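*Asks:* If it helps, the file is called coords-v4.txt and holds compact mmCIF, C-alpha atoms and all ligand atoms:
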# COMPACT_ATOMS: atom_id res chain seq x y z
CA MET A 1 -41.48 -58.48 -2.54
CA THR A 2 -40.88 -60.75 0.40
CA THR A 3 -42.65 -60.49 3.71
CA SER A 4 -39.99 -62.49 5.53
CA TYR A 5 -37.35 -59.82 5.00
CA ILE A 6 -35.36 -58.79 8.09
CA GLY A 7 -32.59 -56.23 7.73
CA ARG A 8 -30.47 -54.38 10.25
CA PHE A 9 -28.12 -51.49 10.94
CA ALA A 10 -25.34 -52.46 13.35
CA PRO A 11 -23.35 -49.42 14.51
CA SER A 12 -20.42 -49.64 16.90
CA PRO A 13 -20.99 -46.95 19.55
CA THR A 14 -17.49 -45.51 19.26
CA GLY A 15 -18.91 -42.07 18.50
CA PRO A 16 -21.94 -40.38 16.93
CA LEU A 17 -23.16 -41.14 13.41
CA HIS A 18 -21.16 -39.41 10.67
CA ALA A 19 -21.75 -38.94 6.95
CA GLY A 20 -20.36 -42.43 6.23
CA SER A 21 -22.38 -44.35 8.78
CA LEU A 22 -25.57 -42.52 7.77
CA VAL A 23 -25.15 -43.96 4.24
CA ALA A 24 -25.16 -47.52 5.65
CA ALA A 25 -28.05 -46.71 7.98
CA LEU A 26 -30.14 -45.15 5.20
CA ALA A 27 -29.38 -47.92 2.69
CA SER A 28 -30.29 -50.70 5.11
CA TRP A 29 -33.50 -48.88 6.08
CA LEU A 30 -34.45 -48.21 2.42
CA ASP A 31 -33.83 -51.83 1.44
CA ALA A 32 -36.00 -53.09 4.32
CA ARG A 33 -38.82 -50.67 3.51
CA ALA A 34 -38.56 -51.35 -0.24
CA HIS A 35 -39.01 -55.07 0.49
CA GLY A 36 -41.88 -54.45 2.90
CA GLY A 37 -39.64 -55.98 5.56
CA ARG A 38 -38.51 -55.25 9.10
CA TRP A 39 -35.53 -53.10 10.08
CA LEU A 40 -33.60 -53.72 13.30
CA VAL A 41 -30.81 -51.84 15.02
CA ARG A 42 -28.05 -53.62 16.90
CA ILE A 43 -25.51 -51.84 19.07
CA GLU A 44 -22.14 -53.54 18.47
CA ASP A 45 -20.47 -52.76 21.76
CA VAL A 46 -18.42 -55.93 22.24
CA ASP A 47 -15.16 -54.02 22.30
CA GLN A 48 -15.93 -51.99 25.42
CA ALA A 49 -12.51 -50.35 25.33
CA ARG A 50 -13.40 -48.63 22.02
CA CYS A 51 -16.93 -47.63 22.98
CA LEU A 52 -17.81 -44.11 24.04
CA PRO A 53 -20.29 -43.89 26.94
CA GLY A 54 -23.59 -42.48 25.70
CA ALA A 55 -22.77 -42.92 22.00
CA ASP A 56 -25.44 -45.65 21.70
CA GLU A 57 -28.20 -43.30 22.89
CA LEU A 58 -26.86 -40.54 20.68
CA ILE A 59 -26.87 -42.77 17.57
CA LEU A 60 -30.43 -43.91 18.29
CA ARG A 61 -31.54 -40.30 18.67
CA GLN A 62 -29.77 -39.31 15.44
CA LEU A 63 -31.50 -42.15 13.57
CA ALA A 64 -34.87 -41.08 14.96
CA THR A 65 -34.19 -37.46 13.94
CA CYS A 66 -33.57 -38.74 10.40
CA GLY A 67 -36.89 -40.61 10.45
CA LEU A 68 -35.23 -44.03 10.67
CA HIS A 69 -37.13 -45.92 13.36
CA PRO A 70 -36.27 -49.54 14.23
CA ASP A 71 -39.09 -52.09 14.37
CA GLU A 72 -37.79 -53.64 17.61
CA THR A 73 -35.91 -52.58 20.72
CA PRO A 74 -32.20 -52.46 19.81
CA LEU A 75 -30.08 -55.44 20.77
CA TYR A 76 -26.84 -54.82 22.69
CA GLN A 77 -23.92 -57.18 22.00
CA SER A 78 -22.40 -56.50 25.43
CA ARG A 79 -25.32 -58.46 26.95
CA ARG A 80 -24.89 -61.52 24.73
CA GLY A 81 -21.71 -63.12 26.09
CA ALA A 82 -23.43 -66.30 27.31
CA THR A 83 -24.90 -66.92 23.85
CA TYR A 84 -21.57 -66.30 22.11
CA GLN A 85 -19.93 -68.76 24.51
CA ARG A 86 -22.55 -71.43 23.71
CA VAL A 87 -21.89 -71.04 20.00
CA LEU A 88 -18.11 -71.14 20.50
CA ASP A 89 -18.52 -74.32 22.59
CA ALA A 90 -20.57 -75.87 19.77
CA LEU A 91 -17.89 -74.98 17.22
CA VAL A 92 -15.19 -76.48 19.46
CA GLN A 93 -17.23 -79.67 19.89
CA ARG A 94 -17.49 -79.96 16.11
CA GLY A 95 -13.75 -79.51 15.75
CA ARG A 96 -14.26 -76.17 13.98
CA ALA A 97 -12.60 -73.96 16.61
CA TYR A 98 -9.53 -74.33 18.79
CA PRO A 99 -7.51 -72.45 21.40
CA CYS A 100 -4.39 -70.52 20.39
CA THR A 101 -1.72 -69.21 22.75
CA CYS A 102 0.48 -67.52 20.13
CA SER A 103 1.69 -64.00 20.77
CA ARG A 104 1.85 -61.60 17.85
CA ARG A 105 5.63 -62.02 17.83
CA LYS A 106 5.31 -65.80 17.66
CA VAL A 107 3.01 -65.52 14.63
CA GLU A 108 5.48 -63.13 12.96
CA LEU A 109 8.36 -65.55 13.58
CA ALA A 110 6.37 -68.52 12.28
CA LEU A 111 5.53 -66.59 9.10
CA GLU A 112 9.16 -65.56 8.63
CA GLN A 113 10.26 -69.18 8.96
CA LEU A 114 7.69 -70.22 6.39
CA GLY A 115 8.81 -67.40 4.11
CA ARG A 116 5.21 -66.24 3.81
CA PRO A 117 4.18 -62.67 3.04
CA ARG A 118 1.58 -60.71 4.95
CA GLY A 119 -2.07 -60.52 3.91
CA ARG A 120 -3.32 -57.92 1.47
CA HIS A 121 -3.80 -55.22 4.10
CA GLY A 122 -0.45 -55.96 5.71
CA GLU A 123 -1.97 -57.98 8.53
CA LEU A 124 -0.64 -61.31 9.72
CA VAL A 125 -2.11 -64.40 8.09
CA TYR A 126 -2.23 -66.90 10.95
CA PRO A 127 -0.30 -70.00 9.78
CA GLY A 128 -2.21 -72.47 11.97
CA THR A 129 0.52 -73.01 14.57
CA CYS A 130 -1.89 -74.20 17.31
CA ARG A 131 -4.30 -75.99 14.98
CA PRO A 132 -4.99 -79.52 16.29
CA GLY A 133 -5.21 -82.57 14.03
CA PRO A 134 -8.41 -83.29 12.11
CA GLY A 135 -11.62 -84.38 13.79
CA PRO A 136 -13.55 -83.13 16.78
CA ALA A 137 -11.73 -82.22 19.98
CA PRO A 138 -11.48 -85.28 22.29
CA VAL A 139 -12.48 -83.42 25.46
CA ALA A 140 -14.65 -80.38 26.05
CA PRO A 141 -11.98 -77.69 26.13
CA VAL A 142 -14.32 -74.99 27.37
CA ILE A 143 -12.52 -74.80 30.71
CA PRO A 144 -9.05 -73.95 29.48
CA PRO A 145 -6.10 -75.79 30.99
CA PRO A 146 -3.94 -73.53 33.15
CA ALA A 147 -1.91 -71.93 30.38
CA ALA A 148 1.18 -69.77 30.65
CA ARG A 149 -0.49 -67.30 28.31
CA ALA A 150 -4.09 -66.28 27.96
CA GLN A 151 -5.58 -68.02 24.99
CA ALA A 152 -7.58 -66.86 22.04
CA TRP A 153 -10.00 -69.12 20.18
CA ARG A 154 -9.69 -69.48 16.43
CA MET A 155 -11.90 -70.76 13.64
CA ARG A 156 -10.50 -73.66 11.63
CA VAL A 157 -10.83 -72.37 8.07
CA PRO A 158 -11.41 -74.99 5.35
CA THR A 159 -9.13 -74.79 2.32
CA GLY A 160 -10.49 -73.52 -0.98
CA VAL A 161 -11.83 -70.32 -2.48
CA LEU A 162 -15.08 -69.03 -1.08
CA LEU A 163 -17.41 -67.65 -3.76
CA TRP A 164 -20.30 -65.33 -2.98
CA GLN A 165 -22.51 -62.69 -4.58
CA ASP A 166 -22.94 -59.08 -3.63
CA ARG A 167 -26.03 -57.33 -5.01
CA ARG A 168 -24.00 -54.24 -5.95
CA LEU A 169 -20.45 -55.54 -6.42
CA GLY A 170 -21.36 -58.78 -8.20
CA ALA A 171 -19.41 -62.05 -7.95
CA GLN A 172 -16.79 -62.13 -5.19
CA ALA A 173 -14.08 -64.65 -4.32
CA GLN A 174 -11.70 -65.02 -1.39
CA ASP A 175 -9.22 -67.71 -0.41
CA VAL A 176 -9.69 -67.27 3.33
CA THR A 177 -6.86 -69.62 4.30
CA ALA A 178 -4.36 -67.75 2.13
CA GLU A 179 -5.62 -64.22 2.76
CA VAL A 180 -6.71 -64.34 6.40
CA GLY A 181 -5.91 -67.72 7.97
CA ASP A 182 -7.66 -69.25 10.97
CA PHE A 183 -9.28 -66.14 12.38
CA VAL A 184 -10.02 -65.16 15.98
CA LEU A 185 -13.47 -65.80 17.46
CA LYS A 186 -12.66 -64.84 21.03
CA ARG A 187 -9.67 -62.73 21.91
CA ALA A 188 -7.10 -63.62 24.55
CA ASP A 189 -8.27 -60.63 26.60
CA GLY A 190 -11.74 -62.20 26.77
CA TYR A 191 -13.44 -59.87 24.25
CA TRP A 192 -15.60 -61.47 21.59
CA ALA A 193 -14.41 -60.93 18.05
CA TYR A 194 -16.65 -58.98 15.67
CA GLN A 195 -16.83 -61.98 13.28
CA LEU A 196 -18.43 -64.30 15.82
CA ALA A 197 -20.71 -61.72 17.45
CA VAL A 198 -22.08 -60.44 14.13
CA VAL A 199 -22.89 -63.92 12.81
CA VAL A 200 -24.49 -65.15 16.04
CA ASP A 201 -26.63 -62.02 16.29
CA ASP A 202 -27.66 -61.97 12.64
CA LEU A 203 -28.86 -65.56 13.18
CA ALA A 204 -30.57 -64.76 16.48
CA GLN A 205 -32.37 -61.80 14.93
CA GLY A 206 -33.33 -63.77 11.83
CA VAL A 207 -31.56 -61.33 9.51
CA THR A 208 -32.12 -62.26 5.86
CA HIS A 209 -30.55 -59.24 4.11
CA ILE A 210 -27.33 -57.53 5.13
CA VAL A 211 -26.78 -54.01 3.80
CA ARG A 212 -23.65 -52.30 5.15
CA GLY A 213 -20.53 -50.34 4.18
CA GLU A 214 -18.14 -51.62 1.56
CA ASP A 215 -15.27 -51.57 4.10
CA LEU A 216 -16.81 -54.76 5.52
CA THR A 217 -16.84 -56.66 2.19
CA ASP A 218 -13.58 -58.42 3.09
CA ASN A 219 -15.14 -59.84 6.27
CA THR A 220 -18.08 -61.44 4.49
CA PRO A 221 -16.32 -64.72 3.47
CA ARG A 222 -15.32 -65.32 7.12
CA GLN A 223 -18.89 -64.75 8.18
CA ILE A 224 -20.23 -67.09 5.49
CA LEU A 225 -17.77 -69.78 6.65
CA LEU A 226 -18.98 -69.39 10.21
CA LEU A 227 -22.61 -69.63 9.09
CA GLN A 228 -21.81 -72.77 7.09
CA SER A 229 -20.05 -74.35 10.07
CA LEU A 230 -23.15 -73.73 12.15
CA GLY A 231 -25.34 -75.22 9.42
CA TYR A 232 -27.04 -72.05 8.17
CA PRO A 233 -27.54 -70.65 4.68
CA THR A 234 -25.96 -67.47 3.38
CA PRO A 235 -28.04 -64.28 3.63
CA SER A 236 -28.23 -61.71 0.85
CA TYR A 237 -25.49 -59.04 0.89
CA LEU A 238 -25.28 -55.52 -0.46
CA HIS A 239 -22.23 -53.43 0.39
CA THR A 240 -22.72 -49.69 -0.03
CA PRO A 241 -20.19 -47.17 -1.38
CA LEU A 242 -17.92 -45.50 1.15
CA VAL A 243 -17.79 -41.81 1.84
CA LEU A 244 -14.19 -40.66 1.45
CA GLY A 245 -12.63 -37.94 3.53
CA PRO A 246 -10.54 -35.07 2.09
CA ASN A 247 -7.42 -37.29 2.26
CA GLY A 248 -9.12 -39.89 0.04
CA GLU A 249 -9.41 -42.31 2.92
CA LYS A 250 -12.63 -43.88 4.10
CA LEU A 251 -14.47 -41.53 6.40
CA SER A 252 -14.58 -43.09 9.86
CA LYS A 253 -14.83 -42.16 13.49
CA GLN A 254 -11.18 -43.21 13.74
CA ASN A 255 -9.97 -40.67 11.19
CA GLY A 256 -11.88 -37.85 12.75
CA ALA A 257 -15.15 -37.79 10.79
CA GLN A 258 -17.38 -34.98 11.96
CA ALA A 259 -20.53 -35.91 13.84
CA LEU A 260 -23.57 -35.13 11.71
CA GLU A 261 -25.13 -31.79 12.33
CA LEU A 262 -28.81 -32.51 12.79
CA ASP A 263 -30.00 -29.70 15.00
CA HIS A 264 -32.47 -28.11 12.57
CA PRO A 265 -34.73 -29.56 9.85
CA GLU A 266 -32.66 -28.13 6.95
CA ALA A 267 -29.52 -29.81 8.35
CA VAL A 268 -31.35 -33.14 8.63
CA ARG A 269 -32.52 -32.84 5.04
CA ALA A 270 -29.03 -31.90 3.84
CA ALA A 271 -27.50 -34.90 5.64
CA LEU A 272 -30.09 -37.27 4.20
CA ASP A 273 -29.74 -35.71 0.74
CA SER A 274 -26.00 -36.27 0.66
CA ALA A 275 -26.38 -39.85 1.94
CA ALA A 276 -28.99 -40.50 -0.76
CA THR A 277 -26.69 -39.01 -3.41
CA MET A 278 -23.93 -41.39 -2.32
CA LEU A 279 -26.37 -44.21 -2.92
CA GLY A 280 -27.01 -43.00 -6.46
CA LEU A 281 -30.52 -41.79 -5.63
CA SER A 282 -31.91 -38.61 -7.16
CA ALA A 283 -30.46 -35.75 -5.18
CA GLY A 284 -33.38 -33.47 -5.90
CA LEU A 285 -36.00 -35.83 -4.54
CA GLY A 286 -35.14 -35.12 -0.93
CA THR A 287 -35.03 -31.37 -1.26
CA GLN A 288 -38.24 -31.10 -3.30
CA ALA A 289 -40.31 -33.20 -0.92
CA ASN A 290 -41.52 -30.90 1.80
CA ASP A 291 -40.82 -33.10 4.80
CA THR A 292 -38.42 -35.86 5.80
CA ALA A 293 -41.09 -38.56 5.68
CA SER A 294 -42.07 -37.79 2.09
CA ALA A 295 -38.43 -37.53 1.01
CA LEU A 296 -37.82 -40.97 2.50
CA ALA A 297 -40.94 -42.37 0.84
CA ALA A 298 -39.74 -41.07 -2.55
CA TRP A 299 -36.34 -42.71 -2.05
CA VAL A 300 -38.00 -45.99 -1.02
CA ALA A 301 -39.82 -46.01 -4.37
CA GLU A 302 -36.61 -45.19 -6.24
CA TRP A 303 -34.66 -47.83 -4.32
CA ARG A 304 -37.34 -50.44 -4.98
CA ALA A 305 -37.23 -49.81 -8.72
CA ARG A 306 -33.44 -50.03 -8.76
CA TRP A 307 -32.63 -52.79 -6.31
CA VAL A 308 -35.73 -54.86 -5.71
CA ASP A 309 -38.06 -55.19 -8.68
CA GLY A 310 -36.47 -57.92 -10.80
CA ASN A 311 -33.13 -56.19 -10.65
CA GLN A 312 -31.16 -57.77 -7.82
CA MET A 313 -27.85 -57.67 -9.65
CA ARG A 314 -26.35 -54.50 -10.96
CA PRO A 315 -22.62 -55.11 -10.91
CA SER A 316 -21.98 -52.10 -13.11
CA TYR A 317 -23.72 -49.72 -10.73
CA ASN A 318 -21.68 -46.67 -9.89
CA PRO A 319 -22.57 -44.09 -7.28
CA GLY A 320 -22.88 -40.46 -8.32
CA PRO A 321 -19.87 -38.17 -8.11
N1 LIG B 401 -20.41 -52.69 13.77
C1 LIG B 401 -19.84 -52.61 12.47
C2 LIG B 401 -19.37 -51.20 12.17
O1 LIG B 401 -19.83 -50.26 12.79
C3 LIG B 401 -20.81 -53.01 11.38
C4 LIG B 401 -21.08 -54.47 11.39
C5 LIG B 401 -21.97 -54.98 10.26
O2 LIG B 401 -22.78 -54.23 9.72
O3 LIG B 401 -21.85 -56.15 9.96
O4 LIG B 401 -18.55 -51.00 11.32
ZN ZN B 402 -1.46 -70.20 18.03
Could you render the structure from this file as structure tokens?
Ligand code: GLU
Ligand code: ZN
*Replies:*
Amino acid sequence: MTTSYIGRFAPSPTGPLHAGSLVAALASWLDARAHGGRWLVRIEDVDQARCLPGADELILRQLATCGLHPDETPLYQSRRGATYQRVLDALVQRGRAYPCTCSRRKVELALEQLGRPRGRHGELVYPGTCRPGPGPAPVAPVIPPPAARAQAWRMRVPTGVLLWQDRRLGAQAQDVTAEVGDFVLKRADGYWAYQLAVVVDDLAQGVTHIVRGEDLTDNTPRQILLLQSLGYPTPSYLHTPLVLGPNGEKLSKQNGAQALELDHPEAVRAALDSAATMLGLSAGLGTQANDTASALAAWVAEWRARWVDGNQMRPSYNPGP
């Protein structure tokens, strides 16, 4: 048990919670409670164009209905622009970030010329076209020169394979240069990239343990690189199994996941039961306990035995059917 544990759930308010996001919410809450730690909620509303007005309040109400209460007032990323800018400035000063004026087409052409394939999900691996020479930038480039195109800011990725550990998935490795390239920290349209915002906020909130959906596993090496560039250690990671939709694809707000039905106690218990089952917890526990609070308490005990007490690594763990 650690008393310095801080965990978080960081939903994007693009719609209400669904069966998939409840799994991440429940897992992060269980891990925090099982460690005797604190659990925070952060509203990841940097990409205002994708956010749905009122979805933040709805998500917070849904969490409360499920008995998942944050230990602090939720943090909103949309209010943190000045902090993100300070961190980007620091990275630029250290020569770890630089401006990029490439269009998507220009990146495609550069990759064609280099005869390089796309990344593993078909996305473009930025070939470093705008990357300046080694060493810190000679002038503070925070005020951009009048450019023909708006500019994005990219992270200068060091070469080599990044190794890290996931508490559920075990040893992980990614060659970020080869698989992702110098990634975007601030977009040309002025929006902050998820990678920068999430790292800056996890640091600001003192997050020690990150528990979130497995769809984000691929992002973790980029976030570890950012943390290292800022001089911080790597937190503990646990990526939870994904809920798949009928088409076998990850259930998400984007592919039309249904909002959770939580309008009567039985529906709340059913939603929590299926989230717990996804996490490999005893399905019966929730339904036998006569109220939500005791069901949650039973799962905390089960979670602690499985994931906390001398058993941090279970690479062979498989969720129930
Ligand atoms: N906001 C992200 C999402 O909803 C989660 C970010 C994280 O947990 O690191 O998918
Ligand atoms: Zn560029």
*Asks:* Considering only C-alpha atoms, can you say which of A:Thr159, A:Ser294, A:Thr83, A:Gln62 comes closest to Leu225 in chain A?
*Replies:*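 Once distances to Leu225 in chain A are computed over only C-alpha atoms, the minimum belongs to A:Thr159.
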*Asks:* As a quick test: using only C-alpha atoms and all ligand atoms, which residues lie no more than 10 Å away from ligand ZN 402 (chain B)? Give them as a CSV table (one decimal) with C-alpha atoms, in the frame of the given file.
*Replies:*
chain,number,residue,atom,x,y,z
A,98,TYR,CA,-9.5,-74.3,18.8
A,99,PRO,CA,-7.5,-72.4,21.4
A,100,CYS,CA,-4.4,-70.5,20.4
A,101,THR,CA,-1.7,-69.2,22.8
A,102,CYS,CA,0.5,-67.5,20.1
A,103,SER,CA,1.7,-64.0,20.8
A,104,ARG,CA,1.8,-61.6,17.8
A,106,LYS,CA,5.3,-65.8,17.7
A,107,VAL,CA,3.0,-65.5,14.6
A,110,ALA,CA,6.4,-68.5,12.3
A,126,TYR,CA,-2.2,-66.9,11.0
A,127,PRO,CA,-0.3,-70.0,9.8
A,128,GLY,CA,-2.2,-72.5,12.0
A,129,THR,CA,0.5,-73.0,14.6
A,130,CYS,CA,-1.9,-74.2,17.3
A,131,ARG,CA,-4.3,-76.0,15.0
A,151,GLN,CA,-5.6,-68.0,25.0
A,152,ALA,CA,-7.6,-66.9,22.0
A,153,TRP,CA,-10.0,-69.1,20.2
A,154,ARG,CA,-9.7,-69.5,16.4
A,182,ASP,CA,-7.7,-69.2,11.0
*Asks:* Which protein, DNA or RNA residues have an atom within 9 Å of ligand LIG 401 (chain B), counting only C-alpha atoms and all ligand atoms, as an MDAnalysis selection string?
*Replies:* chainID A and resid 8:14 21 24 42:45 194:195 198:199 202 210:213 215:216 219:220 252
*Asks:* Store the residues picked out above, limited to C-alpha atoms, as a PDB file, in the frame of the given file.
*Replies:*
ATOM      1  CA  ARG A   8     -30.470 -54.380  10.250  1.00  0.00           C
ATOM      2  CA  PHE A   9     -28.120 -51.490  10.940  1.00  0.00           C
ATOM      3  CA  ALA A  10     -25.340 -52.460  13.350  1.00  0.00           C
ATOM      4  CA  PRO A  11     -23.350 -49.420  14.510  1.00  0.00           C
ATOM      5  CA  SER A  12     -20.420 -49.640  16.900  1.00  0.00           C
ATOM      6  CA  PRO A  13     -20.990 -46.950  19.550  1.00  0.00           C
ATOM      7  CA  THR A  14     -17.490 -45.510  19.260  1.00  0.00           C
ATOM      8  CA  SER A  21     -22.380 -44.350   8.780  1.00  0.00           C
ATOM      9  CA  ALA A  24     -25.160 -47.520   5.650  1.00  0.00           C
ATOM     10  CA  ARG A  42     -28.050 -53.620  16.900  1.00  0.00           C
ATOM     11  CA  ILE A  43     -25.510 -51.840  19.070  1.00  0.00           C
ATOM     12  CA  GLU A  44     -22.140 -53.540  18.470  1.00  0.00           C
ATOM     13  CA  ASP A  45     -20.470 -52.760  21.760  1.00  0.00           C
ATOM     14  CA  TYR A 194     -16.650 -58.980  15.670  1.00  0.00           C
ATOM     15  CA  GLN A 195     -16.830 -61.980  13.280  1.00  0.00           C
ATOM     16  CA  VAL A 198     -22.080 -60.440  14.130  1.00  0.00           C
ATOM     17  CA  VAL A 199     -22.890 -63.920  12.810  1.00  0.00           C
ATOM     18  CA  ASP A 202     -27.660 -61.970  12.640  1.00  0.00           C
ATOM     19  CA  ILE A 210     -27.330 -57.530   5.130  1.00  0.00           C
ATOM     20  CA  VAL A 211     -26.780 -54.010   3.800  1.00  0.00           C
ATOM     21  CA  ARG A 212     -23.650 -52.300   5.150  1.00  0.00           C
ATOM     22  CA  GLY A 213     -20.530 -50.340   4.180  1.00  0.00           C
ATOM     23  CA  ASP A 215     -15.270 -51.570   4.100  1.00  0.00           C
ATOM     24  CA  LEU A 216     -16.810 -54.760   5.520  1.00  0.00           C
ATOM     25  CA  ASN A 219     -15.140 -59.840   6.270  1.00  0.00           C
ATOM     26  CA  THR A 220     -18.080 -61.440   4.490  1.00  0.00           C
ATOM     27  CA  SER A 252     -14.580 -43.090   9.860  1.00  0.00           C
TER      28      SER A 252
END
*Asks:* Name all residues at most 9 Å from Pro235 in chain A (count only C-alpha atoms; drop same-chain ones fewer than 3 positions away) and give them as a VMD selection string.
*Replies:* chain A and resid 207 to 210 224
*Asks:* What is the CA of Val87 in chain A-CA of Gln223 in chain A distance in Å, reported with one decimal?
*Replies:*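 One can read the CA of Val87 in chain A to CA of Gln223 in chain A distance as 13.7 Å.
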*Asks:* Which range 158-243 of chain A residues have any atom within 8 Å of an atom of range 271-282 of chain A, and for each, what is the nearest pair of atoms with distance in Å to one decimal, counting only C-alpha atoms, rows sorted by chain and number, as CSV?
*Replies:*
residue,atom,partner,partner_atom,distance
A:Thr240,CA,A:Leu279,CA,7.2
A:Pro241,CA,A:Met278,CA,6.9
A:Val243,CA,A:Met278,CA,7.4
*Asks:* Go ahead and compute the interatomic distance for CA of His264 in chain A and CA of Val300 in chain A, in Å to one decimal.
*Replies:* 23.1 Å
*Asks:* In Å, rounded to a single decimal, give me how far CA of Val176 in chain A is from CA of Leu162 in chain A.
*Replies:* 7.2 Å
*Asks:* Pick out the closest residue to Ala178 in chain A from this set: A:Val161, A:Ala82, A:Leu238, A:Ala204. Count only C-alpha atoms.
*Replies:* A:Val161
*Asks:* Which is closest to Thr65 in chain A among A:Leu17, A:Ala188, A:Leu111, A:Val308, if we use only C-alpha atoms?
*Replies:*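 Once distances to Thr65 in chain A are computed over only C-alpha atoms, the minimum belongs to A:Leu17.
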*Asks:* Using only C-alpha atoms, find the one residue out of A:Pro16, A:Gly170, A:Gly81, A:Pro158 that sits nearest to Ala97 in chain A.
*Replies:* A:Pro158
*Asks:* Could you list, as number ranges by chain, every residue within 7 Å of Asp71 in chain A, counting only C-alpha atoms and ignoring same-chain residues fewer than 3 positions away?
*Replies:* A: 38-40
*Asks:* Compare A:Leu242, A:Val268, A:Gly15, A:Val184 by their minimum atom-to-atom distance to Leu296 in chain A, counting only C-alpha atoms, and give me the closest one.
*Replies:*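 Selected residue with least distance to Leu296 in chain A: A:Val268.
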*Asks:* Which polymer residues, protein or nucleic acid, are no farther than 6 Å from (-16.1, -66.7, -9.1), counting all atoms listed in the file, as a list in words?
*Replies:*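 Protein and nucleic acid residues near the point are Leu163, Ala171 and Ala173 of chain A.
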*Asks:* Under the rule that all atoms listed in the file are counted, which of A:Tyr232, A:Tyr237, A:Tyr191, A:Tyr5 is the nearest residue to Thr217 in chain A?
*Replies:*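 Result for the nearest residue to Thr217 in chain A: A:Tyr237.
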*Asks:* Once you add 4 Å to each side, what are the centre and edge lengths of the axis-aligned box holding all listed atoms of range 167-175 of chain A? One decimal in Å, as JSON, if you can.
*Replies:*
{"center_x": -17.6, "center_y": -61.0, "center_z": -4.3, "size_x": 24.8, "size_y": 21.5, "size_z": 15.8}
*Asks:* Would you list the contacts of Leu262 in chain A as a count of residues only, taking every protein, DNA or RNA residue within 12 Å and counting all atoms listed in the file, but skipping same-chain residues closer than 3 positions in sequence?
*Replies:* 24
